[in-house]
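Enquirer: To start, I am sharing the structure in question, which I have written as structure tokens.
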Amino acid sequence: MTYKYESQRVAFPYFVAALGLFAAQILFGIVIGIQYLAPDFLFPAIPFNIARMIHINLLVVWIIFGFMGSAYYLLPEEVEGEIYSVKLAWLHFWMFLVGGATAIVGYLFRWHDGREFLEQPFIIKVAIVIVVLMFIFNMVMTMIKGRRRTSITIVLLIGFLGLALFYLFAFFKPDNMVMDKYFWWWVVHMWVEGVWELIMAAILSFLLIKLTGVDREVAEKWLYIIIGLTFLTGIIGTGHHYYWIGTPEFWQIWGAWFSAIEVLPFVAMIAFSLRMVSLRSRKHPNGAALHWTIGTAIVSFLGAGVLGFMHTLPQINYYTHGTQMTASHGHLAFFGAYAMIVMAMASYAVPNLRRKTGEIMSQKAEIFAFWTMVISMVCIALSLTGAGVVQSYLQRVLATSYMETQSHMGIFYGMRLFFGATFTLGFIVYLYDFFLLKRATSR
Ligand code: HEM
Ligand code: HEM
Ligand SMILES: [Fe+2]
């Protein structure tokens with residue numbers, strides 16, 4: 001198997017950039033993981049708040065690189081035509097990389113502005129908007145020029161349009177703190193529990209069709225169910241962030257009911273994946289890609305569906321709000337849904353871009369990396385769930401002071417760091433496989 005359209009090759013640098021930034025994200029994750037246990041580590045050069053900012057900003061940037069690379073790989077095959085402009089794709093690749101790197105280096109020199117996840121200085125925010133618009137223009141033109149219009153490309157486009165649209169609320173910073181928080185969630189929640197889910201579902205459908213050989217009609221039916229459920233639950237589900245921030249009380253009812261059923265699109269993605277695999281007529285040689293593809297459906301359900309549901313009802317969130325429970329859920333959900341869908345696409349696309357697929361040698365290494373990373377991240381989430389339970393009980397139920405509570409949680413932070421190290425090991429094997437084995441076996 002190989003790539004069918006010359007322009008698909010522009011996806012490759014996107015995956016390389018994504019993995020490079022992912023490596024940096026993990027490095028900073030380890031730094032803040034150490035700082036939890038040894039607060040003076042790297043102080044004052046890289047204080048916790050700055051390293052944390054870099055950790056989560058790199059996360060968002062690399063995932064968006066991964067989304068764009070995935071789109072550039074799948075678009076030509078879906079629309080049956082070349083990408084409208086490969087030059088434009090390269091141009092906004094470099095703009096995004098330079099803009100992203102400037103922001104990260106800027107943080108180290110205390111050049112930042114605004115709220116969690118949206119710390120990018122104003123001009124960097126403007127640059128991000130321009131980059132995304134350039135990408136969307138290229139995507140739309142490719143779709144217009146192409147011979148075929150598929151549900152996958154349309155859902156993907158709606159996802160990217162939503163990503164751009166909701167990011168605009170990053171520019172809106174009301175003085176009133178309630179309003180400020182209210183609209184902050186229009187970026188963060190509407191992204192991860194709304195429009196990004198559409199991007200994920202579209203990529204998942206593409207991969208399942210390719211890896212199982214099952215008819216497009218079956219996948220499309222599921223895709224519609226998933227996006228229907230996402231819109232139905234995710235929009236009003238924003239209410240689960242409006243329980244205690246000064247917003248009207250009715251949000252406790254609306255937020256509870258709608259966010260409780262936010263689990264459904266994730267259940268549907270598991271059912272979809274298993275159904276497609278059960279219908280398959282042949283075994284695809286790229287077993288590693290199938291691991292990531294089924295894996296993303298299952299782990300996103302655990303992280304978003306199970307751990308999300310666990311603290312989404314106001315009766316529970318009253319105690320767990322802003323504790324390590326939140327961090328536990330944040331890690332497994334982001335990793336399971338968005339890191340893993342990008343890894344799945346990279347795993348499928350890269351061997352094709354290198355003109356080879358399914359080499360036995362690289363399959364073994366990659367499947368080892370898959371299990372090491374998934375099990376480590378599940379253990380990170382479990383360690384933090386432990387921390388969250390202790391914290392909620394001591395701090396929120398018994399009203400123990402914050403610092404006193406923290407002094408009982410060291411064991412869990414140690415466990416997080418340990419599994420962070422094993423996660424890193426798995427990731428190094430993945431990179432070794434990606435850059436050495438896949439290259440060594442090509443041509
Ligand atoms: C892939 C999808 C998801 C991702 C990536 C994700 C990620 C996150 C992150 C990073 C936060 C922390 C935000 C902050 O800094 O305060 C958060 C908070 C939260 N999430 Fe999710 N989430 C997802 C899906 C869900 C779902 C489906 C539910 C409910 C069933 C849910 C329930 C919650 C709740 C209740 C909070 C607030 C926790 C608190 O009060 O401190 N999430 N999520
Ligand atoms: C591999 C080792 C990792 C370690 C040791 C680590 C550690 C940390 C720490 C200490 C924080 C700050 C928590 C706080 O403010 O209390 C954090 C935040 C966060 N990390 Fe990681 N991390 C790692 C990997 C990852 C990965 C792979 C992802 C996602 C794919 C991720 C996503 C996040 C998110 C979304 C937050 C913000 C959570 C929130 O606001 O609740 N991290 N991480
Ligand atoms: Fe949410």
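In the structure tokens, chains take letters A, B, ... by order of appearance, with residues numbered from 1 within each chain and ligands from 1 in the order shown.
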Give me the residues within 10 Å of Arg9 in chain A as a list in words, counting only C-alpha atoms and dropping any in the same chain fewer than 3 places off.
Expert: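 The residues satisfying every condition are Tyr3, Lys4, Tyr5, Glu6, Phe12, Pro13, Tyr14, Gly69, Tyr72, Tyr73, Val86, Ala349, Val350, Asn352, Leu353 and Arg354 of chain A.
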Enquirer: Go ahead and save the residues from that selection, with C-alpha atoms, as a compact mmCIF listing (two decimals), in the first residue's frame.
Expert:
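Writing done, so here's out_17.txt:
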# COMPACT_ATOMS: atom_id res chain seq x y z
CA TYR A 3 -0.23 6.95 -0.95
CA LYS A 4 -2.50 7.63 -3.92
CA TYR A 5 -2.12 11.37 -4.34
CA GLU A 6 1.17 13.25 -4.46
CA PHE A 12 4.17 14.01 6.87
CA PRO A 13 5.82 17.17 8.29
CA TYR A 14 2.64 17.77 10.29
CA GLY A 69 -1.90 16.47 9.16
CA TYR A 72 -4.27 16.67 4.64
CA TYR A 73 -3.74 12.94 4.46
CA VAL A 86 0.46 22.34 -1.23
CA ALA A 349 -0.59 7.16 7.32
CA VAL A 350 3.15 7.27 7.88
CA ASN A 352 1.89 4.53 3.51
CA LEU A 353 3.66 7.84 2.99
CA ARG A 354 6.90 5.89 3.21
Enquirer: What are the closest atom pairs, with distances in Å to one decimal, for each residue of chain A lying within 6 Å of ligand 1, using only C-alpha atoms and all ligand atoms, rows by chain and rising residue number, as CSV?
Expert:
residue,atom,partner,partner_atom_place_in_ligand_line,distance
A:Val192,CA,ligand 1,5 (C),4.9
A:Glu193,CA,ligand 1,2 (C),5.1
A:His240,CA,ligand 1,35 (C),5.2
A:His241,CA,ligand 1,37 (C),5.8
A:Ser259,CA,ligand 1,29 (C),5.1
A:Ala260,CA,ligand 1,30 (C),5.1
A:Glu262,CA,ligand 1,27 (C),4.8
A:Val263,CA,ligand 1,27 (C),5.2
A:Ala304,CA,ligand 1,24 (C),4.1
A:Gly305,CA,ligand 1,27 (C),4.9
A:Gly308,CA,ligand 1,31 (C),3.7
A:Phe309,CA,ligand 1,30 (C),3.7
A:His311,CA,ligand 1,35 (C),5.2
A:Thr312,CA,ligand 1,35 (C),3.7
A:Asn317,CA,ligand 1,40 (O),5.6
A:His321,CA,ligand 1,40 (O),3.5
A:Gly322,CA,ligand 1,41 (O),3.5
A:Thr326,CA,ligand 1,41 (O),4.8
A:Gly330,CA,ligand 1,10 (C),3.9
A:Ala333,CA,ligand 1,5 (C),4.5
A:Phe334,CA,ligand 1,5 (C),3.9
A:Ala337,CA,ligand 1,1 (C),5.0
Enquirer: Write a file of the just-selected residues containing N, CA, C and O atoms, as a CSV table (one decimal), in the first residue's frame.
Expert:
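In the end it all went to result19.csv:
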chain,number,residue,atom,x,y,z
A,192,VAL,N,-13.4,20.6,23.4
A,192,VAL,CA,-13.2,19.2,23.7
A,192,VAL,C,-14.4,18.4,23.8
A,192,VAL,O,-14.4,17.2,23.6
A,193,GLU,N,-15.5,19.0,24.2
A,193,GLU,CA,-16.8,18.2,24.3
A,193,GLU,C,-17.8,18.6,23.2
A,193,GLU,O,-18.9,18.4,23.2
A,240,HIS,N,-22.2,22.0,33.2
A,240,HIS,CA,-21.5,21.4,34.3
A,240,HIS,C,-20.3,22.2,34.8
A,240,HIS,O,-19.7,21.9,35.8
A,241,HIS,N,-20.0,23.3,34.1
A,241,HIS,CA,-19.0,24.2,34.6
A,241,HIS,C,-19.6,25.5,35.2
A,241,HIS,O,-18.9,26.3,35.7
A,259,SER,N,-25.0,17.0,30.8
A,259,SER,CA,-23.6,16.5,30.8
A,259,SER,C,-23.6,15.0,31.2
A,259,SER,O,-22.7,14.2,30.7
A,260,ALA,N,-24.6,14.5,31.9
A,260,ALA,CA,-24.6,13.1,32.3
A,260,ALA,C,-24.8,12.3,31.0
A,260,ALA,O,-24.2,11.2,30.8
A,262,GLU,N,-23.6,13.1,28.1
A,262,GLU,CA,-22.4,13.3,27.3
A,262,GLU,C,-21.6,12.1,27.1
A,262,GLU,O,-20.7,12.0,26.2
A,263,VAL,N,-21.9,11.1,27.9
A,263,VAL,CA,-21.2,9.8,27.8
A,263,VAL,C,-21.6,9.1,26.5
A,263,VAL,O,-20.8,8.3,25.9
A,304,ALA,N,-13.1,10.3,29.3
A,304,ALA,CA,-14.2,11.4,29.2
A,304,ALA,C,-15.5,10.8,29.8
A,304,ALA,O,-16.1,11.4,30.6
A,305,GLY,N,-15.8,9.6,29.3
A,305,GLY,CA,-17.1,9.0,29.7
A,305,GLY,C,-17.1,8.7,31.2
A,305,GLY,O,-17.9,9.2,32.0
A,308,GLY,N,-15.2,11.5,33.5
A,308,GLY,CA,-15.9,12.7,33.3
A,308,GLY,C,-17.3,12.6,34.1
A,308,GLY,O,-17.6,13.5,34.9
A,309,PHE,N,-17.9,11.5,33.9
A,309,PHE,CA,-19.2,11.3,34.5
A,309,PHE,C,-19.1,11.3,36.0
A,309,PHE,O,-20.0,11.8,36.7
A,311,HIS,N,-17.5,13.0,38.1
A,311,HIS,CA,-17.6,14.3,38.8
A,311,HIS,C,-18.5,15.3,38.2
A,311,HIS,O,-18.4,16.5,38.4
A,312,THR,N,-19.4,14.9,37.3
A,312,THR,CA,-20.2,15.8,36.6
A,312,THR,C,-21.5,16.2,37.2
A,312,THR,O,-22.1,17.2,36.9
A,317,ASN,N,-19.7,17.1,42.3
A,317,ASN,CA,-18.8,18.2,41.9
A,317,ASN,C,-18.6,19.2,43.0
A,317,ASN,O,-17.6,19.9,43.1
A,321,HIS,N,-14.8,19.6,42.8
A,321,HIS,CA,-14.5,20.7,41.9
A,321,HIS,C,-13.0,21.2,42.1
A,321,HIS,O,-12.6,21.6,43.2
A,322,GLY,N,-12.3,21.2,41.0
A,322,GLY,CA,-10.9,21.8,41.1
A,322,GLY,C,-9.9,21.0,41.9
A,322,GLY,O,-8.9,21.5,42.3
A,326,THR,N,-10.1,16.4,38.9
A,326,THR,CA,-10.2,17.1,37.6
A,326,THR,C,-9.0,16.8,36.8
A,326,THR,O,-9.1,16.6,35.6
A,330,GLY,N,-8.8,15.1,33.2
A,330,GLY,CA,-8.2,15.9,32.1
A,330,GLY,C,-7.2,15.0,31.4
A,330,GLY,O,-7.1,15.0,30.2
A,333,ALA,N,-8.8,11.8,29.5
A,333,ALA,CA,-9.7,12.2,28.4
A,333,ALA,C,-8.9,12.8,27.3
A,333,ALA,O,-9.1,12.4,26.1
A,334,PHE,N,-8.0,13.7,27.6
A,334,PHE,CA,-7.2,14.3,26.5
A,334,PHE,C,-6.3,13.3,25.8
A,334,PHE,O,-6.2,13.2,24.5
A,337,ALA,N,-8.8,10.6,23.9
A,337,ALA,CA,-9.5,11.1,22.7
A,337,ALA,C,-8.6,11.7,21.7
A,337,ALA,O,-8.5,11.2,20.6
Enquirer: Which residues are near range 132-144 of chain A? Cut-off 6 Å, only C-alpha atoms, ignore same chain within fewer than 2 positions. Put them as a PyMOL selection string.
Expert: chain A and resi 83-84+129-130+146
Enquirer: Mind writing the picked residues with N, CA and C atoms as a short mmCIF file (atom, residue, chain, number, x, y, z; two decimals), in the first residue's frame?
Expert:
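Final output, saved to result.cif:
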data_model
loop_
_atom_site.label_atom_id
_atom_site.label_comp_id
_atom_site.auth_asym_id
_atom_site.auth_seq_id
_atom_site.Cartn_x
_atom_site.Cartn_y
_atom_site.Cartn_z
N ILE A 83 -4.78 18.10 -3.15
CA ILE A 83 -5.00 19.26 -2.28
C ILE A 83 -4.88 20.53 -3.13
N TYR A 84 -5.75 21.49 -2.84
CA TYR A 84 -5.80 22.71 -3.65
C TYR A 84 -4.44 23.37 -3.76
N VAL A 129 -5.35 32.52 14.49
CA VAL A 129 -6.58 32.64 13.72
C VAL A 129 -6.27 32.65 12.22
N ILE A 130 -5.24 33.40 11.83
CA ILE A 130 -4.89 33.48 10.41
C ILE A 130 -4.49 32.10 9.88
N GLY A 146 -12.59 18.77 -5.72
CA GLY A 146 -12.60 17.31 -5.74
C GLY A 146 -13.81 16.74 -6.48
#
Enquirer: Quick one: distance from CA of Phe368 in chain A to atom 32 (C, counted along the ligand's line) of ligand 2 in Å, one decimal?
Expert: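 Going from CA of Phe368 in chain A over to atom 32 (C, counted along the ligand's line) of ligand 2 covers 21.6 Å.
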Enquirer: Quick one: residues within 9 Å of Ile270 in chain A, only C-alpha atoms, excluding same-chain residues fewer than 4 positions away - as a list of chain:residue names?
Expert: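 In the requested format, the answer is A:Pro265, A:Phe266, A:Leu274, A:Arg275, A:Ile294, A:Thr296, A:Ala297, A:Ile298, A:Phe301.
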Enquirer: Based on the selection just made, write all heavy atoms of those residues as a PDB file, in the first residue's frame.
Expert:
ATOM      1  N   PRO A 265     -22.104   9.843  23.155  1.00  0.00           N
ATOM      2  CA  PRO A 265     -21.285   9.793  21.931  1.00  0.00           C
ATOM      3  C   PRO A 265     -20.044   8.911  22.096  1.00  0.00           C
ATOM      4  O   PRO A 265     -19.610   8.271  21.120  1.00  0.00           O
ATOM      5  CB  PRO A 265     -20.907  11.252  21.674  1.00  0.00           C
ATOM      6  CG  PRO A 265     -21.367  12.042  22.838  1.00  0.00           C
ATOM      7  CD  PRO A 265     -22.380  11.229  23.567  1.00  0.00           C
ATOM      8  N   PHE A 266     -19.497   8.863  23.300  1.00  0.00           N
ATOM      9  CA  PHE A 266     -18.310   8.022  23.506  1.00  0.00           C
ATOM     10  C   PHE A 266     -18.682   6.532  23.489  1.00  0.00           C
ATOM     11  O   PHE A 266     -17.934   5.711  22.975  1.00  0.00           O
ATOM     12  CB  PHE A 266     -17.588   8.417  24.799  1.00  0.00           C
ATOM     13  CG  PHE A 266     -16.961   9.781  24.696  1.00  0.00           C
ATOM     14  CD1 PHE A 266     -17.614  10.914  25.164  1.00  0.00           C
ATOM     15  CD2 PHE A 266     -15.735   9.938  24.069  1.00  0.00           C
ATOM     16  CE1 PHE A 266     -17.047  12.183  25.031  1.00  0.00           C
ATOM     17  CE2 PHE A 266     -15.159  11.196  23.928  1.00  0.00           C
ATOM     18  CZ  PHE A 266     -15.823  12.318  24.417  1.00  0.00           C
ATOM     19  N   LEU A 274     -16.288  -1.464  17.319  1.00  0.00           N
ATOM     20  CA  LEU A 274     -16.404  -2.915  17.455  1.00  0.00           C
ATOM     21  C   LEU A 274     -17.267  -3.494  16.332  1.00  0.00           C
ATOM     22  O   LEU A 274     -16.984  -4.559  15.786  1.00  0.00           O
ATOM     23  CB  LEU A 274     -16.965  -3.281  18.831  1.00  0.00           C
ATOM     24  CG  LEU A 274     -16.064  -2.849  20.006  1.00  0.00           C
ATOM     25  CD1 LEU A 274     -16.650  -3.308  21.338  1.00  0.00           C
ATOM     26  CD2 LEU A 274     -14.633  -3.387  19.852  1.00  0.00           C
ATOM     27  N   ARG A 275     -18.311  -2.769  15.965  1.00  0.00           N
ATOM     28  CA  ARG A 275     -19.188  -3.212  14.879  1.00  0.00           C
ATOM     29  C   ARG A 275     -18.406  -3.308  13.564  1.00  0.00           C
ATOM     30  O   ARG A 275     -18.499  -4.296  12.838  1.00  0.00           O
ATOM     31  CB  ARG A 275     -20.335  -2.201  14.731  1.00  0.00           C
ATOM     32  CG  ARG A 275     -21.327  -2.524  13.652  1.00  0.00           C
ATOM     33  CD  ARG A 275     -22.334  -3.551  14.132  1.00  0.00           C
ATOM     34  NE  ARG A 275     -23.150  -4.027  13.019  1.00  0.00           N
ATOM     35  CZ  ARG A 275     -23.356  -5.308  12.737  1.00  0.00           C
ATOM     36  NH1 ARG A 275     -22.829  -6.244  13.492  1.00  0.00           N
ATOM     37  NH2 ARG A 275     -24.112  -5.653  11.716  1.00  0.00           N
ATOM     38  N   ILE A 294      -8.939   1.338  17.728  1.00  0.00           N
ATOM     39  CA  ILE A 294      -9.896   0.800  18.705  1.00  0.00           C
ATOM     40  C   ILE A 294      -9.575   1.390  20.076  1.00  0.00           C
ATOM     41  O   ILE A 294     -10.460   1.722  20.868  1.00  0.00           O
ATOM     42  CB  ILE A 294      -9.784  -0.755  18.799  1.00  0.00           C
ATOM     43  CG1 ILE A 294      -9.870  -1.394  17.428  1.00  0.00           C
ATOM     44  CG2 ILE A 294     -10.843  -1.324  19.750  1.00  0.00           C
ATOM     45  CD1 ILE A 294     -11.197  -1.349  16.786  1.00  0.00           C
ATOM     46  N   THR A 296      -8.368   4.307  20.912  1.00  0.00           N
ATOM     47  CA  THR A 296      -8.833   5.677  21.147  1.00  0.00           C
ATOM     48  C   THR A 296     -10.314   5.675  21.527  1.00  0.00           C
ATOM     49  O   THR A 296     -10.745   6.417  22.410  1.00  0.00           O
ATOM     50  CB  THR A 296      -8.529   6.605  19.946  1.00  0.00           C
ATOM     51  OG1 THR A 296      -8.788   7.949  20.331  1.00  0.00           O
ATOM     52  CG2 THR A 296      -9.350   6.293  18.720  1.00  0.00           C
ATOM     53  N   ALA A 297     -11.100   4.799  20.892  1.00  0.00           N
ATOM     54  CA  ALA A 297     -12.522   4.738  21.240  1.00  0.00           C
ATOM     55  C   ALA A 297     -12.692   4.280  22.699  1.00  0.00           C
ATOM     56  O   ALA A 297     -13.485   4.861  23.448  1.00  0.00           O
ATOM     57  CB  ALA A 297     -13.258   3.798  20.287  1.00  0.00           C
ATOM     58  N   ILE A 298     -11.915   3.278  23.087  1.00  0.00           N
ATOM     59  CA  ILE A 298     -12.085   2.733  24.443  1.00  0.00           C
ATOM     60  C   ILE A 298     -11.520   3.673  25.512  1.00  0.00           C
ATOM     61  O   ILE A 298     -12.176   3.969  26.512  1.00  0.00           O
ATOM     62  CB  ILE A 298     -11.438   1.329  24.538  1.00  0.00           C
ATOM     63  CG1 ILE A 298     -12.210   0.364  23.629  1.00  0.00           C
ATOM     64  CG2 ILE A 298     -11.417   0.825  25.991  1.00  0.00           C
ATOM     65  CD1 ILE A 298     -11.641  -1.032  23.532  1.00  0.00           C
ATOM     66  N   PHE A 301     -13.511   6.766  26.100  1.00  0.00           N
ATOM     67  CA  PHE A 301     -14.696   6.447  26.907  1.00  0.00           C
ATOM     68  C   PHE A 301     -14.328   6.401  28.398  1.00  0.00           C
ATOM     69  O   PHE A 301     -15.034   6.948  29.246  1.00  0.00           O
ATOM     70  CB  PHE A 301     -15.303   5.107  26.456  1.00  0.00           C
ATOM     71  CG  PHE A 301     -16.324   4.571  27.418  1.00  0.00           C
ATOM     72  CD1 PHE A 301     -17.584   5.149  27.510  1.00  0.00           C
ATOM     73  CD2 PHE A 301     -16.022   3.497  28.256  1.00  0.00           C
ATOM     74  CE1 PHE A 301     -18.523   4.669  28.422  1.00  0.00           C
ATOM     75  CE2 PHE A 301     -16.948   3.017  29.169  1.00  0.00           C
ATOM     76  CZ  PHE A 301     -18.207   3.603  29.249  1.00  0.00           C
TER      77      PHE A 301
END
Enquirer: Which of these, A:Ala346, A:Ile54, A:Val187, A:Cys379, has the shortest distance to ligand 3 once you count only C-alpha atoms and all ligand atoms?
Expert: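 Of all the options, A:Val187 lies closest to ligand 3.
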Enquirer: Which one of A:Ala101, A:Val299, A:Ile225, A:Val306 sits closest to ligand 2 if you count only C-alpha atoms and all ligand atoms?
Expert: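 Among the listed residues, the smallest separation from ligand 2 belongs to A:Val299.
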Enquirer: Quick one: residues within 10 Å of Tyr167 in chain A, only C-alpha atoms, excluding same-chain residues fewer than 3 positions away - as a VMD selection string?
Expert: chain A and resid 118 125 128 to 129 161 to 164 170 to 172 184 186 to 188 190 to 191
Enquirer: Kindly provide, as a PDB file with N, CA, C and O atoms, in the first residue's frame, all nucleotide and amino acid residues lying within 6 Å of ligand 2, counting only C-alpha atoms and all ligand atoms.
Expert:
ATOM      1  N   ILE A  26       5.697  16.257  27.102  1.00  0.00           N
ATOM      2  CA  ILE A  26       5.952  15.228  28.122  1.00  0.00           C
ATOM      3  C   ILE A  26       7.090  15.672  29.040  1.00  0.00           C
ATOM      4  O   ILE A  26       7.012  15.540  30.261  1.00  0.00           O
ATOM      5  N   GLY A  29       5.804  17.993  31.409  1.00  0.00           N
ATOM      6  CA  GLY A  29       4.938  17.264  32.339  1.00  0.00           C
ATOM      7  C   GLY A  29       5.772  16.650  33.459  1.00  0.00           C
ATOM      8  O   GLY A  29       5.423  16.721  34.639  1.00  0.00           O
ATOM      9  N   ILE A  30       6.914  16.072  33.060  1.00  0.00           N
ATOM     10  CA  ILE A  30       7.801  15.477  34.062  1.00  0.00           C
ATOM     11  C   ILE A  30       8.340  16.570  35.003  1.00  0.00           C
ATOM     12  O   ILE A  30       8.407  16.378  36.217  1.00  0.00           O
ATOM     13  N   ILE A  32       6.900  19.423  35.922  1.00  0.00           N
ATOM     14  CA  ILE A  32       5.917  19.830  36.943  1.00  0.00           C
ATOM     15  C   ILE A  32       5.576  18.663  37.872  1.00  0.00           C
ATOM     16  O   ILE A  32       5.246  18.873  39.038  1.00  0.00           O
ATOM     17  N   GLY A  33       5.683  17.441  37.344  1.00  0.00           N
ATOM     18  CA  GLY A  33       5.478  16.271  38.207  1.00  0.00           C
ATOM     19  C   GLY A  33       6.519  16.234  39.314  1.00  0.00           C
ATOM     20  O   GLY A  33       6.214  15.924  40.463  1.00  0.00           O
ATOM     21  N   ARG A  52       3.776  24.613  33.694  1.00  0.00           N
ATOM     22  CA  ARG A  52       2.428  24.073  33.504  1.00  0.00           C
ATOM     23  C   ARG A  52       1.791  24.675  32.251  1.00  0.00           C
ATOM     24  O   ARG A  52       1.171  23.981  31.441  1.00  0.00           O
ATOM     25  N   ILE A  56       0.532  22.468  28.934  1.00  0.00           N
ATOM     26  CA  ILE A  56      -0.812  22.360  28.350  1.00  0.00           C
ATOM     27  C   ILE A  56      -0.941  23.109  27.026  1.00  0.00           C
ATOM     28  O   ILE A  56      -1.721  22.719  26.176  1.00  0.00           O
ATOM     29  N   THR A 326     -10.127  16.430  38.889  1.00  0.00           N
ATOM     30  CA  THR A 326     -10.186  17.149  37.611  1.00  0.00           C
ATOM     31  C   THR A 326      -8.963  16.826  36.762  1.00  0.00           C
ATOM     32  O   THR A 326      -9.067  16.556  35.564  1.00  0.00           O
ATOM     33  N   ALA A 327      -7.785  16.846  37.399  1.00  0.00           N
ATOM     34  CA  ALA A 327      -6.555  16.562  36.665  1.00  0.00           C
ATOM     35  C   ALA A 327      -6.547  15.106  36.171  1.00  0.00           C
ATOM     36  O   ALA A 327      -6.096  14.813  35.060  1.00  0.00           O
ATOM     37  N   GLY A 330      -8.827  15.079  33.225  1.00  0.00           N
ATOM     38  CA  GLY A 330      -8.220  15.853  32.127  1.00  0.00           C
ATOM     39  C   GLY A 330      -7.159  15.043  31.394  1.00  0.00           C
ATOM     40  O   GLY A 330      -7.106  15.029  30.163  1.00  0.00           O
ATOM     41  N   HIS A 331      -6.315  14.334  32.149  1.00  0.00           N
ATOM     42  CA  HIS A 331      -5.252  13.546  31.515  1.00  0.00           C
ATOM     43  C   HIS A 331      -5.786  12.393  30.681  1.00  0.00           C
ATOM     44  O   HIS A 331      -5.432  12.228  29.520  1.00  0.00           O
ATOM     45  N   PHE A 334      -7.980  13.723  27.551  1.00  0.00           N
ATOM     46  CA  PHE A 334      -7.183  14.327  26.474  1.00  0.00           C
ATOM     47  C   PHE A 334      -6.340  13.269  25.772  1.00  0.00           C
ATOM     48  O   PHE A 334      -6.233  13.242  24.548  1.00  0.00           O
ATOM     49  N   PHE A 335      -5.728  12.406  26.563  1.00  0.00           N
ATOM     50  CA  PHE A 335      -4.877  11.389  25.954  1.00  0.00           C
ATOM     51  C   PHE A 335      -5.724  10.410  25.131  1.00  0.00           C
ATOM     52  O   PHE A 335      -5.439  10.160  23.961  1.00  0.00           O
ATOM     53  N   ALA A 339      -4.972  12.692  21.847  1.00  0.00           N
ATOM     54  CA  ALA A 339      -3.627  12.212  21.557  1.00  0.00           C
ATOM     55  C   ALA A 339      -3.735  10.909  20.759  1.00  0.00           C
ATOM     56  O   ALA A 339      -3.086  10.731  19.733  1.00  0.00           O
ATOM     57  N   LEU A 417       4.501  10.324  39.061  1.00  0.00           N
ATOM     58  CA  LEU A 417       5.817  10.539  38.459  1.00  0.00           C
ATOM     59  C   LEU A 417       6.390   9.224  37.935  1.00  0.00           C
ATOM     60  O   LEU A 417       6.955   9.165  36.844  1.00  0.00           O
ATOM     61  N   GLY A 420       4.629   8.411  34.880  1.00  0.00           N
ATOM     62  CA  GLY A 420       5.057   9.384  33.871  1.00  0.00           C
ATOM     63  C   GLY A 420       6.349   8.918  33.219  1.00  0.00           C
ATOM     64  O   GLY A 420       6.544   9.044  32.011  1.00  0.00           O
ATOM     65  N   PHE A 423       5.568   6.015  30.957  1.00  0.00           N
ATOM     66  CA  PHE A 423       4.909   6.578  29.768  1.00  0.00           C
ATOM     67  C   PHE A 423       5.960   7.103  28.786  1.00  0.00           C
ATOM     68  O   PHE A 423       5.910   6.840  27.582  1.00  0.00           O
ATOM     69  N   THR A 424       6.944   7.823  29.355  1.00  0.00           N
ATOM     70  CA  THR A 424       8.010   8.393  28.525  1.00  0.00           C
ATOM     71  C   THR A 424       8.782   7.280  27.813  1.00  0.00           C
ATOM     72  O   THR A 424       9.109   7.395  26.633  1.00  0.00           O
TER      73      THR A 424
END
Enquirer: Among range 113-151 of chain A, which residues does DSSP mark as helix (DSSP H, G or I) when it is run on the backbone? Keep the chain and numbering as in the structure and answer as a PyMOL selection string.
Expert: chain A and resi 122-145+151
Enquirer: Write out as a ChimeraX atom specification which residues come within 8 Å of Ile152 in chain A when counting only C-alpha atoms, dropping same-chain ones fewer than 2 positions away.
Expert: /A:78,150,154-156,202-203,205-206,220,223
Enquirer: Can you write just those residues out, C-alpha atoms, as a short mmCIF file (atom, residue, chain, number, x, y, z; two decimals), in the first residue's frame?
Expert:
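Resulting contents of out.cif:
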data_model
loop_
_atom_site.label_atom_id
_atom_site.label_comp_id
_atom_site.auth_asym_id
_atom_site.auth_seq_id
_atom_site.Cartn_x
_atom_site.Cartn_y
_atom_site.Cartn_z
CA GLU A 78 -11.96 11.26 0.30
CA THR A 150 -18.29 12.61 1.55
CA ILE A 154 -18.16 17.58 5.71
CA VAL A 155 -18.11 16.59 9.39
CA LEU A 156 -14.38 17.31 9.47
CA ALA A 202 -14.51 11.94 11.20
CA ILE A 203 -10.92 10.68 11.47
CA SER A 205 -14.59 6.81 10.49
CA PHE A 206 -11.89 7.21 7.85
CA GLU A 220 -21.69 7.08 7.67
CA LEU A 223 -21.00 9.04 12.06
#
Enquirer: Which residues are near range 382-397 of chain A? Cut-off 8 Å, only C-alpha atoms, ignore same chain within fewer than 6 positions. Put them as a PyMOL selection string.
Expert: chain A and resi 319-320+323-328+405-406+408-409+412-413+415-416
Enquirer: Counting only C-alpha atoms, figure out which residue out of A:Thr400, A:Asn286, A:Gln315, A:Ser278 gets nearest to Glu366 in chain A.
Expert: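 Closest to Glu366 in chain A of all the choices is A:Asn286.
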Enquirer: Quick one: of A:Val342, A:Trp371, A:Trp185, A:Val378, who's nearest to ligand 3, counting only C-alpha atoms and all ligand atoms?
Expert: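 Among the listed residues, A:Trp185 lies closest to ligand 3.
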